[in-house]
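Novice: Next up is a structure, given as structure tokens.
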There are 2 protein chains.
Amino acid sequence: MAALDAVLSTIDANLDASTERLFDLLSIPSVSTDPAYAQHCLRAANWLKNQLNGLGYEAEVRATPGHPIVVGHAKAKRKDAPHVLFYGHYDVQPPDPLDLWESEPFAPRLAERKEGQDIVARGASDDKGQLMTFLEACRAYEANGGLPCNVTFLFEGEEETGSPSLPAFLAAHKDELSAADLALVCDTGMWNSATPAITVMLRGLAQEEVIVRGPSHDLHSGMFGGPVLNPIHVLAKIIADLHDEEGKVTLPGFYAGVPELPEDIAEQWRNLDFDEKAFLSGIGLTRVGGEPGRGVIEQIWARPTCDVNGIIGGYTGAGAKTVLPAQASAKFSFRLVGKQDPKAVMESFRAFVRERLPTDAKAEFISHGASGALQLPFGSEALNRARRALEQEWGKEAALVGCGGSIPIVGAFKRDLNMDALMIGFALDDDRIHSPNEKYSYTSFHKGTRSWARVLDALAA
Amino acid sequence: MAALDAVLSTIDANLDASTERLFDLLSIPSVSTDPAYAQHCLRAANWLKNQLNGLGYEAEVRATPGHPIVVGHAKAKRKDAPHVLFYGHYDVQPPDPLDLWESEPFAPRLAERKEGQDIVARGASDDKGQLMTFLEACRAYEANGGLPCNVTFLFEGEEETGSPSLPAFLAAHKDELSAADLALVCDTGMWNSATPAITVMLRGLAQEEVIVRGPSHDLHSGMFGGPVLNPIHVLAKIIADLHDEEGKVTLPGFYAGVPELPEDIAEQWRNLDFDEKAFLSGIGLTRVGGEPGRGVIEQIWARPTCDVNGIIGGYTGAGAKTVLPAQASAKFSFRLVGKQDPKAVMESFRAFVRERLPTDAKAEFISHGASGALQLPFGSEALNRARRALEQEWGKEAALVGCGGSIPIVGAFKRDLNMDALMIGFALDDDRIHSPNEKYSYTSFHKGTRSWARVLDALAA
């Protein structure tokens, strides 16, 4: 612990210099979506490589079909130390609309507010500030004899455009990258400004489009209506059948692999004091829908869904038209949790649809992809250690949270490198990421850096 | 009967002259939808007025906001004779595509074929040929001492463009036009070339659009999916609930006023030898849907329906989007029969929808109009007389048929003049109306004229 204390002291003492380095990076307009900024993306990549080299780490800027990826390797001072892969991204969203910014988006500054200071700039929170908390923690270790873990650094420059080059890059460098035991991903947030969080579950997603066909062509509803099959009715019946009265999904086998929440996690989530009323009123609703007896948080983080995201058939213009349509189609998506098998769910869904087709109705299926949920086992050692480390820094138990959506990079690590990810970040809900006046709390930056120092120490203990 | 025989002989003897007059009318390109032909529409109206005047009838070409309407009045030779209103239209569809015509569309000719001769020209069947059958029957009566019925003639020039000027015209001339007891409408067809038909039932139509709203705006299905109401699901459930397993409509009270088909009519329809297999294969189907045990003809002519004519909600472009939509909408139509009350059906439908809205779902309704079915009572005296008259001419019982769609003019007579209509026409399914090489069977023209002579005689008997 003496060594960690020294590292934390170094972080505190060097906070101004750390902030200056972050400001350097924030001043590079590394907007990935606009080709006009490509040189700045390259500059940011080189800047990161130089930082890694400056710490004595091997590092390269590697070309991709898009913006380059920076890969670095740092050795721990101990030979038997664990090995982590740290992921961050140096690219940012465009700053537009510019006229809503109170200061230049790429001229970072400290802004005072009642609760403390904020670092204001495009990318301050997403993801340069978060990325630098880890780098500055490493720097403090190097000033105190070296890292407790082996670290592979992976900084991409296309996260804001959907990481198009990353999967091929992971595949091409699989041996090099999968030498690590665990990925650390810093692109997530705290529960609130006082409560750190570790994101331990991401729902999976399977998407399927169904086109139901009936008559060979559109028909006049007067001349044909009655004996003729209406594909909209067939499709509506299928959609209606997909949920029972209790809001549960009726697909056979759908809940296979869906775990009940461990009581301690359920208890912890109840204690998060999530404001359901505010959540609902923000979207114009008054009542929690879905599965009765399960709250908003549990349903979004830990329960699977079946939703129709779009439907179309027949005449949809203004007024009315007496047409019996030849076809109708709908786009379905399934959010998956636990060990639900996306392939089995899709097969069950297709069978479910086929069983409900009356004579003369045909269905065509179009898959829009399927990937399973990701979950760091609740009792895993790395998770427990990281959780205790965060509690020591923040004086408050770290919330184990879920995320209803997917974080593609985490799925890619699992799929392509077979590597779990520990998702820890210090962003706050009001950081205005992707919006004007993006900020990162100075406390997040400072205590985030200290948190990583503690987490690395704990993982190596 | 001696008087009628004389009239029929006159018709036979003057057939060539009658045909020449029809050719005169057919040579006027009275296309109503194209303003370039407006002068020809006026010419056709004047031509009809002159024909009526030539027979000694009072007649006028009356201006409307669109093409003029011809109104004429003919007195019966007997004072206590019944009074009929005969409706036809002098306008025609454009002849395009011209290159598919085997002769000039407005240069009428007689074409030989195995089964007999055809009159070929745009408007030969729809509706100039049909209209002239009635006028030539009147002419034969005038050559034999006068008409057996008082007749009001109503010839419009906008039927092919939806009769936009007619409702206001009926309202403005209500007293004049509603002096008649019964409307005769010649815009319909035979069952087949050997079997005359009287159209005795037209289904009504009520149309309603429903917009179901849930969240105040579109939401990300990852961040919100589960506890949040999906309007597409709500709408699909409503649509699914509208029919039971037997294909019957479940709206409370929906079947109030729906008569079971009288056994003699059902028997007659069975004997029509309708080819269900050919009907189905023509639209890519193999099985009669809808209400089990009821055939195609019964369902289309005599049973009510509920159909969704269009549905839309959420993302409907290419690929997939993880959106929970704020709203979904569908266009519903109800074909009505017998004494079903359109207003009651619509009220039942709205209540049905409202009862199925979960908390936080709202529905907006947009009416696209509602009108009841029209039916000439099966046992009515006029119908029985007309039926016997047709049987005498064709040597075969006249089929009492229905029409699944609406014929707006018949609805207008009922609504605006409170007048029933006897729909008799001699068109055949292969007349190619609205298409190149439109034709009217010479037999239809000849025996159609004779048929009207018999019908007028029968109505006055």
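We name chains A, B, ... following the order of the structure tokens; residues begin at 1 in each chain, and ligands are numbered from 1 as shown.
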Show which residues sit within 7 Å of region 168-181 of chain B, as a list in words. Count only C-alpha atoms, and ignore same-chain residues fewer than 3 positions away.
Specialist: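 Result of the neighbour search: His83, Val84, Leu85, Ser165, Asp416, Leu417 and Met419 of chain B.
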Novice: Could the residues in this selection be saved with C-alpha atoms as an mmCIF file, in the first residue's frame?
Specialist:
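Listing of part_36.cif after writing:
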```cif
data_model
loop_
_atom_site.group_PDB
_atom_site.id
_atom_site.type_symbol
_atom_site.label_atom_id
_atom_site.label_comp_id
_atom_site.auth_asym_id
_atom_site.auth_seq_id
_atom_site.Cartn_x
_atom_site.Cartn_y
_atom_site.Cartn_z
ATOM 1 C CA HIS B 83 -92.244 7.898 -63.190
ATOM 2 C CA VAL B 84 -88.641 6.773 -63.624
ATOM 3 C CA LEU B 85 -85.363 8.686 -63.588
ATOM 4 C CA SER B 165 -70.531 18.471 -59.799
ATOM 5 C CA ASP B 416 -79.993 13.211 -51.863
ATOM 6 C CA LEU B 417 -83.234 12.176 -53.562
ATOM 7 C CA MET B 419 -84.698 7.184 -54.383
#
```
Novice: What's around Pro215 (chain B) at 12 Å? Count only C-alpha atoms, leave out sequence neighbours fewer than 5 positions away in its own chain, and write the answer as a ChimeraX atom specification.
Specialist: /A:279-289 /B:220,224-225,227-232,323-328,359-362
Novice: Using only C-alpha atoms, determine which residues lie at most 10 Å from Phe274 (chain B), disregarding the query and same-chain residues fewer than 3 positions distant; provide the list as a list in words.
Specialist: Trp191, Trp269, Arg270, Asn271, Lys277, Ala278, Phe279, Gly295, Val296 and Ile297 of chain B
Novice: Could you dump the residues just selected with N, CA, C and O atoms as a compact mmCIF listing (two decimals), in the first residue's frame?
Specialist:
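Final output, again.txt:
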```txt
# COMPACT_ATOMS: atom_id res chain seq x y z
N TRP B 191 -74.43 -11.09 -66.14
CA TRP B 191 -73.64 -12.10 -65.43
C TRP B 191 -72.67 -12.76 -66.41
O TRP B 191 -71.49 -12.90 -66.15
N TRP B 269 -77.38 -17.98 -56.48
CA TRP B 269 -75.95 -17.66 -56.60
C TRP B 269 -75.12 -18.93 -56.75
O TRP B 269 -74.14 -18.95 -57.48
N ARG B 270 -75.52 -19.99 -56.02
CA ARG B 270 -74.79 -21.26 -56.19
C ARG B 270 -74.88 -21.72 -57.64
O ARG B 270 -73.93 -22.26 -58.20
N ASN B 271 -76.05 -21.49 -58.25
CA ASN B 271 -76.26 -21.94 -59.63
C ASN B 271 -75.55 -21.08 -60.67
O ASN B 271 -75.59 -21.38 -61.86
N LYS B 277 -61.94 -21.16 -58.27
CA LYS B 277 -60.54 -21.52 -58.50
C LYS B 277 -59.88 -20.49 -59.43
O LYS B 277 -58.76 -20.04 -59.18
N ALA B 278 -60.59 -20.14 -60.49
CA ALA B 278 -60.03 -19.16 -61.44
C ALA B 278 -59.90 -17.79 -60.78
O ALA B 278 -58.90 -17.09 -60.97
N PHE B 279 -60.91 -17.43 -59.98
CA PHE B 279 -60.86 -16.16 -59.25
C PHE B 279 -59.61 -16.11 -58.37
O PHE B 279 -58.86 -15.14 -58.37
N GLY B 295 -68.93 -18.65 -49.52
CA GLY B 295 -68.15 -18.61 -50.76
C GLY B 295 -67.73 -17.21 -51.12
O GLY B 295 -68.08 -16.22 -50.47
N VAL B 296 -66.96 -17.13 -52.20
CA VAL B 296 -66.42 -15.85 -52.66
C VAL B 296 -67.54 -14.87 -52.97
O VAL B 296 -67.56 -13.73 -52.50
N ILE B 297 -68.52 -15.31 -53.76
CA ILE B 297 -69.59 -14.41 -54.19
C ILE B 297 -70.37 -13.88 -53.00
O ILE B 297 -70.62 -12.68 -52.88
```
Novice: Using only C-alpha atoms, which protein or nucleic acid residues come within 12 Å of Gly369 (chain B)? Drop anything in the same chain fewer than 6 positions from it, and give the result as a ChimeraX atom specification.
Specialist: /A:319-321 /B:204-209,332-335,342-343,346
Novice: Keeping N, CA, C and O atoms for every residue in the selection just given, could you write it to a file as a JSON list (two decimals), in the first residue's frame?
Specialist:
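Result written to out36.json:
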```json
[["chain", "number", "residue", "atom", "x", "y", "z"],
["A", 319, "GLY", "N", -55.34, 10.78, -46.53],
["A", 319, "GLY", "CA", -56.66, 10.31, -46.93],
["A", 319, "GLY", "C", -56.77, 8.79, -46.87],
["A", 319, "GLY", "O", -56.07, 8.14, -46.09],
["A", 320, "ALA", "N", -57.66, 8.25, -47.67],
["A", 320, "ALA", "CA", -57.93, 6.81, -47.61],
["A", 320, "ALA", "C", -57.84, 6.22, -49.01],
["A", 320, "ALA", "O", -58.04, 6.91, -50.01],
["A", 321, "LYS", "N", -57.52, 4.95, -49.08],
["A", 321, "LYS", "CA", -57.52, 4.25, -50.36],
["A", 321, "LYS", "C", -58.04, 2.85, -50.10],
["A", 321, "LYS", "O", -57.59, 2.18, -49.17],
["B", 204, "GLY", "N", -71.86, -0.83, -48.51],
["B", 204, "GLY", "CA", -71.51, 0.49, -48.00],
["B", 204, "GLY", "C", -70.04, 0.49, -47.60],
["B", 204, "GLY", "O", -69.35, -0.52, -47.66],
["B", 205, "LEU", "N", -69.59, 1.65, -47.18],
["B", 205, "LEU", "CA", -68.17, 1.78, -46.85],
["B", 205, "LEU", "C", -67.98, 2.82, -45.76],
["B", 205, "LEU", "O", -68.45, 3.95, -45.88],
["B", 206, "ALA", "N", -67.30, 2.43, -44.70],
["B", 206, "ALA", "CA", -66.94, 3.38, -43.64],
["B", 206, "ALA", "C", -65.43, 3.31, -43.47],
["B", 206, "ALA", "O", -64.87, 2.22, -43.39],
["B", 207, "GLN", "N", -64.78, 4.45, -43.45],
["B", 207, "GLN", "CA", -63.32, 4.47, -43.39],
["B", 207, "GLN", "C", -62.84, 5.33, -42.24],
["B", 207, "GLN", "O", -63.30, 6.46, -42.05],
["B", 208, "GLU", "N", -61.90, 4.79, -41.50],
["B", 208, "GLU", "CA", -61.44, 5.48, -40.29],
["B", 208, "GLU", "C", -59.95, 5.25, -40.13],
["B", 208, "GLU", "O", -59.47, 4.12, -40.25],
["B", 209, "GLU", "N", -59.24, 6.31, -39.87],
["B", 209, "GLU", "CA", -57.81, 6.20, -39.61],
["B", 209, "GLU", "C", -57.58, 6.35, -38.11],
["B", 209, "GLU", "O", -58.25, 7.15, -37.45],
["B", 332, "PHE", "N", -58.37, 1.93, -41.52],
["B", 332, "PHE", "CA", -59.33, 0.84, -41.49],
["B", 332, "PHE", "C", -60.49, 1.14, -42.43],
["B", 332, "PHE", "O", -60.90, 2.28, -42.57],
["B", 333, "SER", "N", -61.02, 0.09, -43.06],
["B", 333, "SER", "CA", -62.25, 0.28, -43.81],
["B", 333, "SER", "C", -63.21, -0.86, -43.50],
["B", 333, "SER", "O", -62.79, -1.99, -43.26],
["B", 334, "PHE", "N", -64.47, -0.52, -43.48],
["B", 334, "PHE", "CA", -65.52, -1.49, -43.22],
["B", 334, "PHE", "C", -66.47, -1.48, -44.40],
["B", 334, "PHE", "O", -67.04, -0.44, -44.73],
["B", 335, "ARG", "N", -66.60, -2.62, -45.06],
["B", 335, "ARG", "CA", -67.62, -2.76, -46.10],
["B", 335, "ARG", "C", -68.89, -3.18, -45.38],
["B", 335, "ARG", "O", -68.87, -4.10, -44.54],
["B", 342, "PRO", "N", -73.71, 2.79, -40.48],
["B", 342, "PRO", "CA", -72.29, 3.20, -40.52],
["B", 342, "PRO", "C", -71.88, 3.96, -39.26],
["B", 342, "PRO", "O", -70.78, 3.80, -38.78],
["B", 343, "LYS", "N", -72.79, 4.79, -38.77],
["B", 343, "LYS", "CA", -72.46, 5.59, -37.59],
["B", 343, "LYS", "C", -72.26, 4.69, -36.38],
["B", 343, "LYS", "O", -71.32, 4.87, -35.60],
["B", 346, "MET", "N", -68.98, 2.84, -36.65],
["B", 346, "MET", "CA", -67.85, 3.70, -36.33],
["B", 346, "MET", "C", -67.73, 3.96, -34.84],
["B", 346, "MET", "O", -66.64, 3.98, -34.28]]
```
Novice: List every residue of region 103-238 of chain A that DSSP, applied to the backbone of this structure, places in strand (DSSP E), and write the result as a ChimeraX atom specification.
Specialist: /A:109-113,116-120,150-156,182-185,197-202,204-213,219-220
Novice: Would you mind exporting the chosen residues as a PDB file, in the first residue's frame, restricted to C-alpha atoms?
Specialist:
```
ATOM      1  CA  ARG A 109     -10.556  25.892 -20.419  1.00  0.00           C
ATOM      2  CA  LEU A 110     -11.460  25.404 -16.813  1.00  0.00           C
ATOM      3  CA  ALA A 111     -14.926  26.699 -15.959  1.00  0.00           C
ATOM      4  CA  GLU A 112     -15.989  27.384 -12.396  1.00  0.00           C
ATOM      5  CA  ARG A 113     -19.345  26.332 -11.105  1.00  0.00           C
ATOM      6  CA  GLY A 116     -16.503  22.595  -8.628  1.00  0.00           C
ATOM      7  CA  GLN A 117     -14.541  23.062 -11.813  1.00  0.00           C
ATOM      8  CA  ASP A 118     -15.213  21.654 -15.261  1.00  0.00           C
ATOM      9  CA  ILE A 119     -12.878  21.067 -18.159  1.00  0.00           C
ATOM     10  CA  VAL A 120     -14.781  22.454 -21.177  1.00  0.00           C
ATOM     11  CA  ASN A 150       1.494  -5.321 -18.074  1.00  0.00           C
ATOM     12  CA  VAL A 151      -0.521  -2.965 -20.243  1.00  0.00           C
ATOM     13  CA  THR A 152      -1.394  -3.013 -23.926  1.00  0.00           C
ATOM     14  CA  PHE A 153      -2.778   0.313 -25.120  1.00  0.00           C
ATOM     15  CA  LEU A 154      -5.272   0.467 -27.964  1.00  0.00           C
ATOM     16  CA  PHE A 155      -6.423   3.929 -29.075  1.00  0.00           C
ATOM     17  CA  GLU A 156      -8.662   4.119 -32.106  1.00  0.00           C
ATOM     18  CA  LEU A 182      -8.773  -8.489 -19.474  1.00  0.00           C
ATOM     19  CA  ALA A 183      -9.843  -5.378 -21.330  1.00  0.00           C
ATOM     20  CA  LEU A 184     -10.302  -2.072 -19.527  1.00  0.00           C
ATOM     21  CA  VAL A 185     -12.766   0.213 -21.292  1.00  0.00           C
ATOM     22  CA  ALA A 197     -19.899   2.628 -11.245  1.00  0.00           C
ATOM     23  CA  ILE A 198     -18.741  -0.412 -13.097  1.00  0.00           C
ATOM     24  CA  THR A 199     -20.795  -1.430 -16.109  1.00  0.00           C
ATOM     25  CA  VAL A 200     -21.056  -5.181 -15.879  1.00  0.00           C
ATOM     26  CA  MET A 201     -23.788  -6.046 -18.348  1.00  0.00           C
ATOM     27  CA  LEU A 202     -24.634  -5.012 -21.875  1.00  0.00           C
ATOM     28  CA  GLY A 204     -27.306  -8.215 -26.840  1.00  0.00           C
ATOM     29  CA  LEU A 205     -29.318  -7.443 -29.941  1.00  0.00           C
ATOM     30  CA  ALA A 206     -30.859  -9.571 -32.657  1.00  0.00           C
ATOM     31  CA  GLN A 207     -32.704  -7.878 -35.518  1.00  0.00           C
ATOM     32  CA  GLU A 208     -34.948  -9.474 -38.073  1.00  0.00           C
ATOM     33  CA  GLU A 209     -37.217  -8.091 -40.752  1.00  0.00           C
ATOM     34  CA  VAL A 210     -40.267 -10.020 -41.896  1.00  0.00           C
ATOM     35  CA  ILE A 211     -42.165  -9.463 -45.122  1.00  0.00           C
ATOM     36  CA  VAL A 212     -45.553 -11.189 -45.245  1.00  0.00           C
ATOM     37  CA  ARG A 213     -47.002 -11.655 -48.706  1.00  0.00           C
ATOM     38  CA  LEU A 219     -56.506  -5.432 -54.870  1.00  0.00           C
ATOM     39  CA  HIS A 220     -59.618  -3.247 -54.690  1.00  0.00           C
TER      40      HIS A 220
END
```
Novice: Which residue is closest to chain A? Choose from B:Lys396, B:His243, B:Arg415, B:Arg454 and count only C-alpha atoms.
Specialist: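 Distance minimum relative to chain A lands on B:His243.
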Novice: Tell me, which residues of region 218-351 of chain A carry DSSP alpha helix (DSSP H), written as number ranges by chain?
Specialist: A: 221-224, 231-241, 263-270, 276-281, 296-302, 342-351
Novice: Using only C-alpha atoms, which of the listed residues (A:Glu298, A:Glu20, A:Asp275, A:Glu158) sits closest to chain B?
Specialist: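 Residue with the minimum atom-to-atom distance to chain B: A:Glu298.
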Novice: CA of His89 (chain B) and CA of Ser406 (chain B) are how many Å apart?
Specialist: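 Computed distance, CA of His89 (chain B) to CA of Ser406 (chain B), equals 16.9 Å.
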Novice: My list of candidates is A:Glu267, A:Glu104, A:Glu355, A:Asp218. Which is closest to chain B when distances are computed with only C-alpha atoms?
Specialist: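 Going through A:Glu267, A:Glu104, A:Glu355, A:Asp218 one by one, the smallest distance to chain B is for A:Asp218.
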